[in-house]
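**Student:** I am attaching a structure below and will ask some questions about it afterwards.
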2 protein chains.
Amino acid sequence: MAKYIYGVDLGGTTVKMGLFTVEGELLSKWEIPTRKEASGVNILPDIADSIRDNMKSHDITEADVEGIGIGVPGPVDNSGVIHGAANLGWGEFSVKETMERALNIRTVVGNDANVAALGEMWAGGAQGYSNVVMVTLGTGVGGGVIVDGKIVNGATGAGGEIGHLHVNDDEEDVCGCGNKGCLEQYSSATGCVRIAKKKLAELNQPSSLRDKDIAAKDIFDAMKLGDGIAIEVGKVYGEYLGRGLAMVSAVVNPEVFCIGGGVAKAGQIVIDYLKPSYDKYAFRGCRDVAFTLATLGNDAGIYGSAKLVIG
Amino acid sequence: MAKYIYGVDLGGTTVKMGLFTVEGELLSKWEIPTRKEASGVNILPDIADSIRDNMKSHDITEADVEGIGIGVPGPVDNSGVIHGAANLGWGEFSVKETMERALNIRTVVGNDANVAALGEMWAGGAQGYSNVVMVTLGTGVGGGVIVDGKIVNGATGAGGEIGHLHVNDDEEDVCGCGNKGCLEQYSSATGCVRIAKKKLAELNQPSSLRDKDIAAKDIFDAMKLGDGIAIEVGKVYGEYLGRGLAMVSAVVNPEVFCIGGGVAKAGQIVIDYLKPSYDKYAFRGCRDVAFTLATLGNDAGIYGSAKLVIG
């Protein structure tokens with residue numbers, strides 16, 4: 001095995017990159033902008049140039065590099081073909097082949113949410129486990145399912161799309177996906193704000209959340225201070241997330257749920273509010289699961305894509 | 001690789017056994033009773049004796065046997081330890097070690113529902129696929145999840161326990177597992193009969209299902225003949241099963257759902273009634289999944305346990 005791995009986390013705004021040893025030590029990290037114009041034709045060449053520059057400045061040869069891992073924001077199959085990434089203007093093509101042609105270094109490609117899960121398993125909040133479900137509570141609710149150390153991509157790259165679990169029959173608002181009652185309508189950052197606005201309108205009680213632009217962080221901060229409205233939002237957040245994760249358990253029965261994303265920055269409270277609902281709905285054989293918080297933050301993607309390379 | 005494999009399907013009443021070539025041809029099959037008395041201490045010795053007799057009568061030596069696969073009715077971990085099988089009077093012990101000590105032949109152990117899934121993938125209704133969810137509609141609703149050709153056992157052997165997905169908030173009856181609103185309360189054979197009894201009591205209309213002891217088969221037969229009550233039962237069966245499978249899709253995104261078990265003997269109608277609900281609740285990236293019927297019937301277990309051996 002060679003000495004180094006490059007881990008790349010391709011996002012809609014920036015590309016995060018890291019140089020790792022094959023043992024998993026992050027030696028340096030940097031970012032470049034994601035140039036989405038012209039259907040994103042420059043994105044991969046920009047990444048290749050940046051890696052080439054890094055190799056030159058560290059005197060790293062092709063033979064020193066075990067491989068390049070890339071996490072991309074869209075469904076990817078096992079052969080490294082992306083099936084469209086609306087966010088980048090990309091259609092369907094082989095990211096793997098394009099990168100390998102550009103740099104002559106073996107490249108492994110994964111979906112960004114799944115890759116972040118792998119990162120947390122390798123070096124973060126799910127370290128020591130090999131059956132992991134990573135739950136990313138951000139603008140939406142993302143998921144990454146790992147079984148026996150391997151990512152479950154699924155037939156069409158939709159493995160771990162747990163934000164679209166149906167958890168509420170009575171919802172009238174439509175989710176971004178077109179369905180109604182999806183988990184991410186309640187437990188994402190956007191979902192928490194939506195529920196808070198409803199509760200503020202419905203309930204006639206004072207709250208620090210009134211009369212201002214609120215973000216998910218404000219709601220969890222208020223919850224910690226005992227704000228009644230915020231606690232009501234927390235109950236809804238937790239009821240549906242616990243229920244959704246109970247369903248995930250009945251399918252893949254993980255050892256650990258690792259909770260990350262912006263909402264999870266609120267800390268242990270994000271677990272405390274979902275746990276009673278999980279315990280209520282989970283099949284009894286699945287109740288002993290661990291809940292942990294992600295620890296790698298924005299670096300989960302570069303760690304996970306590096307881990308993709310060594311399998 | 002040696003020439004032969006023994007596949008064993010250990011059930012609560014009988015043990016089914018098959019002698020296979022390593023290419024998957026079933027050469028002969030037979031059954032012995034499952035002796036559950038005395039905490040089931042005789043079950044594995046009986047199986048070992050029966051295999052020894054079969055080897056003798058076919059002039060098969062230890063060296064001719066690639067291995068023995070056994071599907072058992074309880075949660076099994078990757079090391080071949082069963083974590084209790086109430087149905088057999090068994091506690092926790094290594095089925096693998098016990099069999100290997102008795103016969104000196106490599107033994108691989110799996111959960112019966114998961115093993116049946118593997119059998120259908122190898123030689124039955126899911127042949128040609130490697131990402132499969134097997135749905136067994138029998139007394140309960142069982143499931144077997146296969147990702148990239150490998151069974152997902154889960155951390156505590158509860159992978160694929162899809163009968164206990166929570167699909168209905170308004171249920172008042174309690175499921176065998178202690179929860180309320182589990183999939184198997186609607187879509188198992190028992191569940192269909194339960195719903196039929198409710199509909200017969202609620203709806204004042206003639207039905208061929210009235211005033212007799214009904215089984216799931218009667219309900220599906222009546223559905224095919226246009227019986228109004230039976231069709232109402234079919235709608236409930238299909239609504240919840242389609243919804244449950246949509247959730248499974250959002251987690252593991254299979255290529256195919258293969259439907260088996262006693263209820264599935266009714267044929268294509270079991271798929272026709274669940275498909276509209278699946279399409280309604282499934283995440284759009286998961287809608288192109290195939291639905292097939294299992295074809296191996298009671299032989300799925302011996303095929304799957306034989307397949308366990310060759311991995």
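Chain labels A, B, ... are given in the sequence in which chains occur in the structure tokens; within each chain residues are numbered consecutively from 1, and ligands are likewise numbered from 1 in the order shown.
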Present chain A as an mmCIF file with C-alpha atoms, in the first residue's frame, least-squares fitted onto chain B over all of its C-alpha atoms paired in order.

**Tutor:**
data_model
loop_
_atom_site.group_PDB
_atom_site.id
_atom_site.type_symbol
_atom_site.label_atom_id
_atom_site.label_comp_id
_atom_site.auth_asym_id
_atom_site.auth_seq_id
_atom_site.Cartn_x
_atom_site.Cartn_y
_atom_site.Cartn_z
ATOM 1 C CA MET A 1 -14.254 -26.899 -3.691
ATOM 2 C CA ALA A 2 -15.827 -30.217 -2.745
ATOM 3 C CA LYS A 3 -18.836 -31.680 -4.564
ATOM 4 C CA TYR A 4 -21.768 -31.506 -2.151
ATOM 5 C CA ILE A 5 -23.579 -29.214 0.270
ATOM 6 C CA TYR A 6 -26.232 -30.061 2.836
ATOM 7 C CA GLY A 7 -28.929 -27.451 3.348
ATOM 8 C CA VAL A 8 -30.979 -27.678 6.554
ATOM 9 C CA ASP A 9 -34.143 -25.728 7.377
ATOM 10 C CA LEU A 10 -34.902 -26.154 11.055
ATOM 11 C CA GLY A 11 -38.574 -25.459 11.823
ATOM 12 C CA GLY A 12 -40.710 -25.845 14.915
ATOM 13 C CA THR A 13 -42.342 -29.065 13.685
ATOM 14 C CA THR A 14 -40.027 -30.599 11.108
ATOM 15 C CA VAL A 15 -36.462 -30.293 9.956
ATOM 16 C CA LYS A 16 -36.233 -30.126 6.155
ATOM 17 C CA MET A 17 -32.975 -31.261 4.639
ATOM 18 C CA GLY A 18 -31.539 -31.278 1.146
ATOM 19 C CA LEU A 19 -28.447 -32.657 -0.562
ATOM 20 C CA PHE A 20 -27.189 -30.216 -3.204
ATOM 21 C CA THR A 21 -24.343 -30.098 -5.667
ATOM 22 C CA VAL A 22 -22.150 -27.021 -5.182
ATOM 23 C CA GLU A 23 -23.687 -25.710 -8.422
ATOM 24 C CA GLY A 24 -27.059 -25.579 -6.688
ATOM 25 C CA GLU A 25 -28.792 -28.681 -8.022
ATOM 26 C CA LEU A 26 -31.065 -30.300 -5.449
ATOM 27 C CA LEU A 27 -30.267 -34.045 -5.582
ATOM 28 C CA SER A 28 -32.580 -35.248 -2.827
ATOM 29 C CA LYS A 29 -34.617 -33.891 0.042
ATOM 30 C CA TRP A 30 -36.177 -35.365 3.147
ATOM 31 C CA GLU A 31 -37.587 -34.416 6.553
ATOM 32 C CA ILE A 32 -37.234 -35.499 10.137
ATOM 33 C CA PRO A 33 -39.372 -34.425 13.113
ATOM 34 C CA THR A 34 -38.114 -31.605 15.354
ATOM 35 C CA ARG A 35 -37.853 -33.117 18.858
ATOM 36 C CA LYS A 36 -38.480 -30.090 21.057
ATOM 37 C CA GLU A 37 -38.697 -31.928 24.390
ATOM 38 C CA ALA A 38 -35.926 -31.497 27.001
ATOM 39 C CA SER A 39 -35.135 -27.934 25.814
ATOM 40 C CA GLY A 40 -34.475 -29.243 22.342
ATOM 41 C CA VAL A 41 -31.209 -31.018 23.250
ATOM 42 C CA ASN A 42 -31.810 -33.733 20.638
ATOM 43 C CA ILE A 43 -32.432 -31.454 17.677
ATOM 44 C CA LEU A 44 -28.882 -30.940 16.475
ATOM 45 C CA PRO A 45 -27.734 -34.528 17.233
ATOM 46 C CA ASP A 46 -30.764 -35.784 15.241
ATOM 47 C CA ILE A 47 -29.752 -33.571 12.306
ATOM 48 C CA ALA A 48 -26.149 -34.783 12.528
ATOM 49 C CA ASP A 49 -27.289 -38.434 12.557
ATOM 50 C CA SER A 50 -29.547 -37.884 9.582
ATOM 51 C CA ILE A 51 -26.773 -36.252 7.563
ATOM 52 C CA ARG A 52 -24.373 -39.051 8.556
ATOM 53 C CA ASP A 53 -26.910 -41.650 7.353
ATOM 54 C CA ASN A 54 -27.363 -39.785 4.081
ATOM 55 C CA MET A 55 -23.596 -39.571 3.523
ATOM 56 C CA LYS A 56 -23.240 -43.301 4.176
ATOM 57 C CA SER A 57 -26.051 -44.264 1.814
ATOM 58 C CA HIS A 58 -24.588 -42.079 -0.989
ATOM 59 C CA ASP A 59 -20.944 -43.024 -0.302
ATOM 60 C CA ILE A 60 -20.153 -39.388 0.505
ATOM 61 C CA THR A 61 -17.052 -38.737 2.635
ATOM 62 C CA GLU A 62 -16.324 -35.683 4.821
ATOM 63 C CA ALA A 63 -13.932 -34.455 2.132
ATOM 64 C CA ASP A 64 -16.743 -34.537 -0.462
ATOM 65 C CA VAL A 65 -18.836 -32.065 1.540
ATOM 66 C CA GLU A 66 -18.150 -28.348 1.095
ATOM 67 C CA GLY A 67 -20.229 -27.551 4.147
ATOM 68 C CA ILE A 68 -23.545 -27.645 5.956
ATOM 69 C CA GLY A 69 -25.862 -24.644 6.051
ATOM 70 C CA ILE A 70 -28.574 -24.356 8.685
ATOM 71 C CA GLY A 71 -31.439 -21.905 8.934
ATOM 72 C CA VAL A 72 -32.749 -21.602 12.502
ATOM 73 C CA PRO A 73 -35.896 -19.895 13.855
ATOM 74 C CA GLY A 74 -34.297 -17.141 15.927
ATOM 75 C CA PRO A 75 -31.734 -14.334 15.838
ATOM 76 C CA VAL A 76 -28.270 -15.498 14.820
ATOM 77 C CA ASP A 77 -25.095 -13.438 14.788
ATOM 78 C CA ASN A 78 -22.287 -13.629 12.263
ATOM 79 C CA SER A 79 -20.317 -16.112 14.406
ATOM 80 C CA GLY A 80 -23.104 -18.724 14.302
ATOM 81 C CA VAL A 81 -24.409 -18.127 17.828
ATOM 82 C CA ILE A 82 -28.184 -18.222 18.236
ATOM 83 C CA HIS A 83 -29.571 -15.736 20.757
ATOM 84 C CA GLY A 84 -32.499 -17.824 21.915
ATOM 85 C CA ALA A 85 -35.221 -19.647 19.958
ATOM 86 C CA ALA A 86 -38.307 -19.780 22.163
ATOM 87 C CA ASN A 87 -40.029 -22.044 19.692
ATOM 88 C CA LEU A 88 -37.382 -24.786 20.161
ATOM 89 C CA GLY A 89 -36.741 -24.281 23.864
ATOM 90 C CA TRP A 90 -33.236 -23.065 23.047
ATOM 91 C CA GLY A 91 -31.201 -20.451 24.889
ATOM 92 C CA GLU A 92 -27.979 -18.907 23.627
ATOM 93 C CA PHE A 93 -25.233 -21.133 22.224
ATOM 94 C CA SER A 94 -23.109 -21.690 19.126
ATOM 95 C CA VAL A 95 -25.045 -23.818 16.646
ATOM 96 C CA LYS A 96 -21.992 -23.700 14.412
ATOM 97 C CA GLU A 97 -19.605 -25.184 16.983
ATOM 98 C CA THR A 98 -22.071 -27.837 18.087
ATOM 99 C CA MET A 99 -22.588 -29.077 14.534
ATOM 100 C CA GLU A 100 -18.911 -28.892 13.624
ATOM 101 C CA ARG A 101 -18.007 -30.972 16.700
ATOM 102 C CA ALA A 102 -20.642 -33.544 15.785
ATOM 103 C CA LEU A 103 -19.774 -33.980 12.100
ATOM 104 C CA ASN A 104 -16.336 -32.423 11.564
ATOM 105 C CA ILE A 105 -17.755 -30.518 8.588
ATOM 106 C CA ARG A 106 -17.762 -26.726 8.274
ATOM 107 C CA THR A 107 -21.182 -25.338 9.234
ATOM 108 C CA VAL A 108 -22.708 -21.933 8.488
ATOM 109 C CA VAL A 109 -25.783 -20.735 10.380
ATOM 110 C CA GLY A 110 -28.415 -18.133 9.522
ATOM 111 C CA ASN A 111 -31.834 -16.943 10.599
ATOM 112 C CA ASP A 112 -34.597 -18.860 8.809
ATOM 113 C CA ALA A 113 -36.313 -15.835 7.236
ATOM 114 C CA ASN A 114 -32.997 -14.439 6.011
ATOM 115 C CA VAL A 115 -31.951 -17.834 4.686
ATOM 116 C CA ALA A 116 -35.221 -18.166 2.747
ATOM 117 C CA ALA A 117 -34.445 -14.798 1.153
ATOM 118 C CA LEU A 118 -31.056 -16.080 0.088
ATOM 119 C CA GLY A 119 -32.700 -19.186 -1.377
ATOM 120 C CA GLU A 120 -35.112 -17.149 -3.478
ATOM 121 C CA MET A 121 -32.199 -15.002 -4.700
ATOM 122 C CA TRP A 122 -30.141 -18.061 -5.599
ATOM 123 C CA ALA A 123 -32.752 -20.211 -7.275
ATOM 124 C CA GLY A 124 -36.222 -18.675 -6.964
ATOM 125 C CA GLY A 125 -38.279 -15.535 -7.459
ATOM 126 C CA ALA A 126 -35.375 -13.111 -6.973
ATOM 127 C CA GLN A 127 -32.884 -14.906 -9.199
ATOM 128 C CA GLY A 128 -30.559 -12.536 -11.028
ATOM 129 C CA TYR A 129 -30.763 -9.823 -8.361
ATOM 130 C CA SER A 130 -28.263 -9.091 -5.602
ATOM 131 C CA ASN A 131 -30.169 -6.394 -3.660
ATOM 132 C CA VAL A 132 -33.283 -8.150 -2.480
ATOM 133 C CA VAL A 133 -35.911 -7.795 0.205
ATOM 134 C CA MET A 134 -37.849 -10.995 0.767
ATOM 135 C CA VAL A 135 -41.244 -10.495 2.389
ATOM 136 C CA THR A 136 -42.805 -13.557 3.978
ATOM 137 C CA LEU A 137 -46.548 -13.225 4.560
ATOM 138 C CA GLY A 138 -47.388 -16.092 6.866
ATOM 139 C CA THR A 139 -48.719 -16.257 10.426
ATOM 140 C CA GLY A 140 -46.640 -13.107 10.887
ATOM 141 C CA VAL A 141 -44.816 -10.881 8.426
ATOM 142 C CA GLY A 142 -41.144 -11.778 8.130
ATOM 143 C CA GLY A 143 -38.427 -10.215 6.102
ATOM 144 C CA GLY A 144 -34.969 -10.937 4.813
ATOM 145 C CA VAL A 145 -32.739 -8.149 3.563
ATOM 146 C CA ILE A 146 -29.911 -8.887 1.140
ATOM 147 C CA VAL A 147 -27.421 -6.178 0.204
ATOM 148 C CA ASP A 148 -24.882 -6.877 -2.535
ATOM 149 C CA GLY A 149 -25.577 -10.614 -2.201
ATOM 150 C CA LYS A 150 -25.090 -10.763 1.586
ATOM 151 C CA ILE A 151 -27.728 -11.190 4.269
ATOM 152 C CA VAL A 152 -28.132 -8.248 6.662
ATOM 153 C CA ASN A 153 -28.311 -9.987 10.038
ATOM 154 C CA GLY A 154 -28.104 -6.792 12.063
ATOM 155 C CA ALA A 155 -26.388 -6.145 15.381
ATOM 156 C CA THR A 156 -28.641 -8.481 17.360
ATOM 157 C CA GLY A 157 -30.046 -10.621 14.560
ATOM 158 C CA ALA A 158 -33.124 -8.423 14.134
ATOM 159 C CA GLY A 159 -32.285 -7.281 10.584
ATOM 160 C CA GLY A 160 -35.331 -7.586 8.324
ATOM 161 C CA GLU A 161 -37.908 -7.661 11.149
ATOM 162 C CA ILE A 162 -40.226 -5.690 8.922
ATOM 163 C CA GLY A 163 -43.383 -7.178 10.414
ATOM 164 C CA HIS A 164 -42.865 -4.754 13.274
ATOM 165 C CA LEU A 165 -42.646 -1.562 11.267
ATOM 166 C CA HIS A 166 -45.085 0.904 12.797
ATOM 167 C CA VAL A 167 -47.634 1.704 10.104
ATOM 168 C CA ASN A 168 -50.786 2.864 11.910
ATOM 169 C CA ASP A 169 -51.130 5.346 14.764
ATOM 170 C CA ASP A 170 -54.799 4.605 15.354
ATOM 171 C CA GLU A 171 -54.582 0.886 16.106
ATOM 172 C CA GLU A 172 -56.043 -0.158 19.456
ATOM 173 C CA ASP A 173 -55.230 -3.877 19.368
ATOM 174 C CA VAL A 174 -51.818 -4.982 20.632
ATOM 175 C CA CYS A 175 -49.404 -6.870 18.367
ATOM 176 C CA GLY A 176 -47.688 -10.021 19.630
ATOM 177 C CA CYS A 177 -44.543 -7.922 20.096
ATOM 178 C CA GLY A 178 -46.268 -5.586 22.551
ATOM 179 C CA ASN A 179 -46.491 -2.543 20.247
ATOM 180 C CA LYS A 180 -49.589 -1.266 18.426
ATOM 181 C CA GLY A 181 -49.960 -0.659 14.700
ATOM 182 C CA CYS A 182 -47.316 -3.114 13.463
ATOM 183 C CA LEU A 183 -47.368 -4.154 9.799
ATOM 184 C CA GLU A 184 -48.097 -7.771 10.666
ATOM 185 C CA GLN A 185 -51.380 -6.757 12.317
ATOM 186 C CA TYR A 186 -52.700 -6.050 8.785
ATOM 187 C CA SER A 187 -50.754 -7.947 6.166
ATOM 188 C CA SER A 188 -50.045 -11.371 7.650
ATOM 189 C CA ALA A 189 -52.492 -14.265 7.219
ATOM 190 C CA THR A 190 -53.626 -13.681 10.803
ATOM 191 C CA GLY A 191 -53.844 -9.944 10.169
ATOM 192 C CA CYS A 192 -56.046 -10.398 7.087
ATOM 193 C CA VAL A 193 -58.434 -12.631 9.036
ATOM 194 C CA ARG A 194 -58.542 -10.098 11.872
ATOM 195 C CA ILE A 195 -59.404 -7.280 9.463
ATOM 196 C CA ALA A 196 -62.001 -9.436 7.709
ATOM 197 C CA LYS A 197 -63.771 -10.114 11.014
ATOM 198 C CA LYS A 198 -63.848 -6.385 11.765
ATOM 199 C CA LYS A 199 -65.174 -5.517 8.300
ATOM 200 C CA LEU A 200 -67.847 -8.257 8.529
ATOM 201 C CA ALA A 201 -69.029 -6.806 11.839
ATOM 202 C CA GLU A 202 -68.925 -3.184 10.650
ATOM 203 C CA LEU A 203 -70.371 -3.433 7.178
ATOM 204 C CA ASN A 204 -73.880 -4.578 6.549
ATOM 205 C CA GLN A 205 -73.463 -6.252 3.165
ATOM 206 C CA PRO A 206 -73.597 -9.829 1.904
ATOM 207 C CA SER A 207 -70.297 -11.673 1.639
ATOM 208 C CA SER A 208 -69.174 -15.219 0.991
ATOM 209 C CA LEU A 209 -66.992 -14.799 4.094
ATOM 210 C CA ARG A 210 -69.943 -14.572 6.480
ATOM 211 C CA ASP A 211 -70.829 -17.236 9.017
ATOM 212 C CA LYS A 212 -67.839 -19.508 8.668
ATOM 213 C CA ASP A 213 -64.303 -19.992 9.869
ATOM 214 C CA ILE A 214 -62.209 -17.998 7.443
ATOM 215 C CA ALA A 215 -58.569 -18.326 6.480
ATOM 216 C CA ALA A 216 -56.470 -15.847 4.492
ATOM 217 C CA LYS A 217 -56.905 -18.049 1.419
ATOM 218 C CA ASP A 218 -60.699 -17.658 1.566
ATOM 219 C CA ILE A 219 -60.345 -13.886 1.666
ATOM 220 C CA PHE A 220 -58.078 -13.707 -1.380
ATOM 221 C CA ASP A 221 -60.269 -16.216 -3.260
ATOM 222 C CA ALA A 222 -63.298 -14.037 -2.515
ATOM 223 C CA MET A 223 -61.387 -10.914 -3.580
ATOM 224 C CA LYS A 224 -60.771 -12.489 -6.971
ATOM 225 C CA LEU A 225 -64.525 -13.091 -7.290
ATOM 226 C CA GLY A 226 -65.323 -9.455 -6.486
ATOM 227 C CA ASP A 227 -66.649 -9.963 -2.929
ATOM 228 C CA GLY A 228 -67.098 -6.438 -1.485
ATOM 229 C CA ILE A 229 -65.973 -7.271 2.043
ATOM 230 C CA ALA A 230 -62.929 -9.169 0.772
ATOM 231 C CA ILE A 231 -61.981 -6.196 -1.399
ATOM 232 C CA GLU A 232 -62.159 -3.940 1.661
ATOM 233 C CA VAL A 233 -59.779 -6.316 3.458
ATOM 234 C CA GLY A 234 -57.488 -6.268 0.440
ATOM 235 C CA LYS A 235 -57.361 -2.493 0.533
ATOM 236 C CA VAL A 236 -56.265 -2.506 4.173
ATOM 237 C CA TYR A 237 -53.765 -5.313 3.539
ATOM 238 C CA GLY A 238 -52.312 -3.425 0.575
ATOM 239 C CA GLU A 239 -52.369 0.048 2.084
ATOM 240 C CA TYR A 240 -50.195 -0.976 5.022
ATOM 241 C CA LEU A 241 -47.941 -3.405 3.189
ATOM 242 C CA GLY A 242 -47.237 -0.874 0.432
ATOM 243 C CA ARG A 243 -46.501 1.752 3.040
ATOM 244 C CA GLY A 244 -44.211 -0.566 4.996
ATOM 245 C CA LEU A 245 -42.275 -1.588 1.905
ATOM 246 C CA ALA A 246 -41.899 2.069 0.899
ATOM 247 C CA MET A 247 -40.143 2.597 4.245
ATOM 248 C CA VAL A 248 -37.911 -0.386 3.667
ATOM 249 C CA SER A 249 -36.980 1.139 0.289
ATOM 250 C CA ALA A 250 -35.937 4.423 1.880
ATOM 251 C CA VAL A 251 -33.451 2.509 4.031
ATOM 252 C CA VAL A 252 -31.912 -0.105 1.716
ATOM 253 C CA ASN A 253 -33.304 0.750 -1.774
ATOM 254 C CA PRO A 254 -33.543 -2.834 -3.086
ATOM 255 C CA GLU A 255 -33.847 -3.877 -6.732
ATOM 256 C CA VAL A 256 -36.680 -6.277 -5.971
ATOM 257 C CA PHE A 257 -39.257 -7.188 -3.360
ATOM 258 C CA CYS A 258 -39.894 -10.926 -3.523
ATOM 259 C CA ILE A 259 -43.186 -11.840 -1.837
ATOM 260 C CA GLY A 260 -43.594 -15.297 -0.340
ATOM 261 C CA GLY A 261 -45.297 -17.181 2.483
ATOM 262 C CA GLY A 262 -48.779 -18.686 2.643
ATOM 263 C CA VAL A 263 -50.629 -15.482 1.719
ATOM 264 C CA ALA A 264 -48.547 -15.101 -1.455
ATOM 265 C CA LYS A 265 -49.959 -18.375 -2.792
ATOM 266 C CA ALA A 266 -52.908 -16.214 -3.875
ATOM 267 C CA GLY A 267 -50.632 -15.018 -6.681
ATOM 268 C CA GLN A 268 -50.294 -11.686 -8.485
ATOM 269 C CA ILE A 269 -53.256 -10.214 -6.588
ATOM 270 C CA VAL A 270 -51.067 -9.849 -3.462
ATOM 271 C CA ILE A 271 -48.834 -7.484 -5.468
ATOM 272 C CA ASP A 272 -51.708 -5.701 -7.249
ATOM 273 C CA TYR A 273 -53.227 -4.629 -3.936
ATOM 274 C CA LEU A 274 -50.013 -3.239 -2.422
ATOM 275 C CA LYS A 275 -48.551 -1.495 -5.475
ATOM 276 C CA PRO A 276 -50.696 1.713 -5.448
ATOM 277 C CA SER A 277 -49.824 2.310 -1.807
ATOM 278 C CA TYR A 278 -46.128 1.610 -2.430
ATOM 279 C CA ASP A 279 -46.118 4.105 -5.298
ATOM 280 C CA LYS A 280 -47.819 6.695 -3.117
ATOM 281 C CA TYR A 281 -45.416 6.498 -0.188
ATOM 282 C CA ALA A 282 -42.094 5.555 -1.797
ATOM 283 C CA PHE A 283 -39.370 8.152 -2.231
ATOM 284 C CA ARG A 284 -39.202 8.919 -5.954
ATOM 285 C CA GLY A 285 -35.666 7.521 -6.271
ATOM 286 C CA CYS A 286 -36.986 4.120 -5.130
ATOM 287 C CA ARG A 287 -40.079 3.734 -7.304
ATOM 288 C CA ASP A 288 -38.573 1.592 -10.033
ATOM 289 C CA VAL A 289 -38.313 -1.503 -7.856
ATOM 290 C CA ALA A 290 -39.521 -4.884 -9.144
ATOM 291 C CA PHE A 291 -42.120 -6.994 -7.330
ATOM 292 C CA THR A 292 -41.977 -10.754 -7.809
ATOM 293 C CA LEU A 293 -43.550 -13.799 -6.216
ATOM 294 C CA ALA A 294 -41.421 -16.382 -4.447
ATOM 295 C CA THR A 295 -41.237 -19.667 -6.350
ATOM 296 C CA LEU A 296 -39.469 -22.135 -4.050
ATOM 297 C CA GLY A 297 -42.262 -22.506 -1.501
ATOM 298 C CA ASN A 298 -41.195 -24.723 1.390
ATOM 299 C CA ASP A 299 -37.854 -25.434 -0.273
ATOM 300 C CA ALA A 300 -36.595 -21.827 0.025
ATOM 301 C CA GLY A 301 -34.996 -22.635 3.390
ATOM 302 C CA ILE A 302 -32.941 -25.610 2.211
ATOM 303 C CA TYR A 303 -31.814 -23.751 -0.923
ATOM 304 C CA GLY A 304 -30.844 -20.683 1.113
ATOM 305 C CA SER A 305 -28.984 -22.613 3.763
ATOM 306 C CA ALA A 306 -27.049 -24.448 1.056
ATOM 307 C CA LYS A 307 -26.226 -21.060 -0.491
ATOM 308 C CA LEU A 308 -24.962 -19.851 2.921
ATOM 309 C CA VAL A 309 -22.149 -22.367 2.604
ATOM 310 C CA ILE A 310 -20.813 -21.074 -0.697
ATOM 311 C CA GLY A 311 -21.324 -17.411 0.285
#

**Student:** Which parts of stretch 6-205 of chain A does DSSP call strand (DSSP E) when run on the backbone here, written out as a PyMOL selection string?

**Tutor:** chain A and resi 6-10+14-21+26-33+65-72+81-85+90-94+107-111+132-137+141-147+150-151

**Student:** Could you pull out the helix (DSSP H, G or I) residues of stretch 213-309 of chain B from DSSP and send them as a PyMOL selection string?

**Tutor:** chain B and resi 216-224+228-252+262-266+269-272+275-281+284-286+297-309
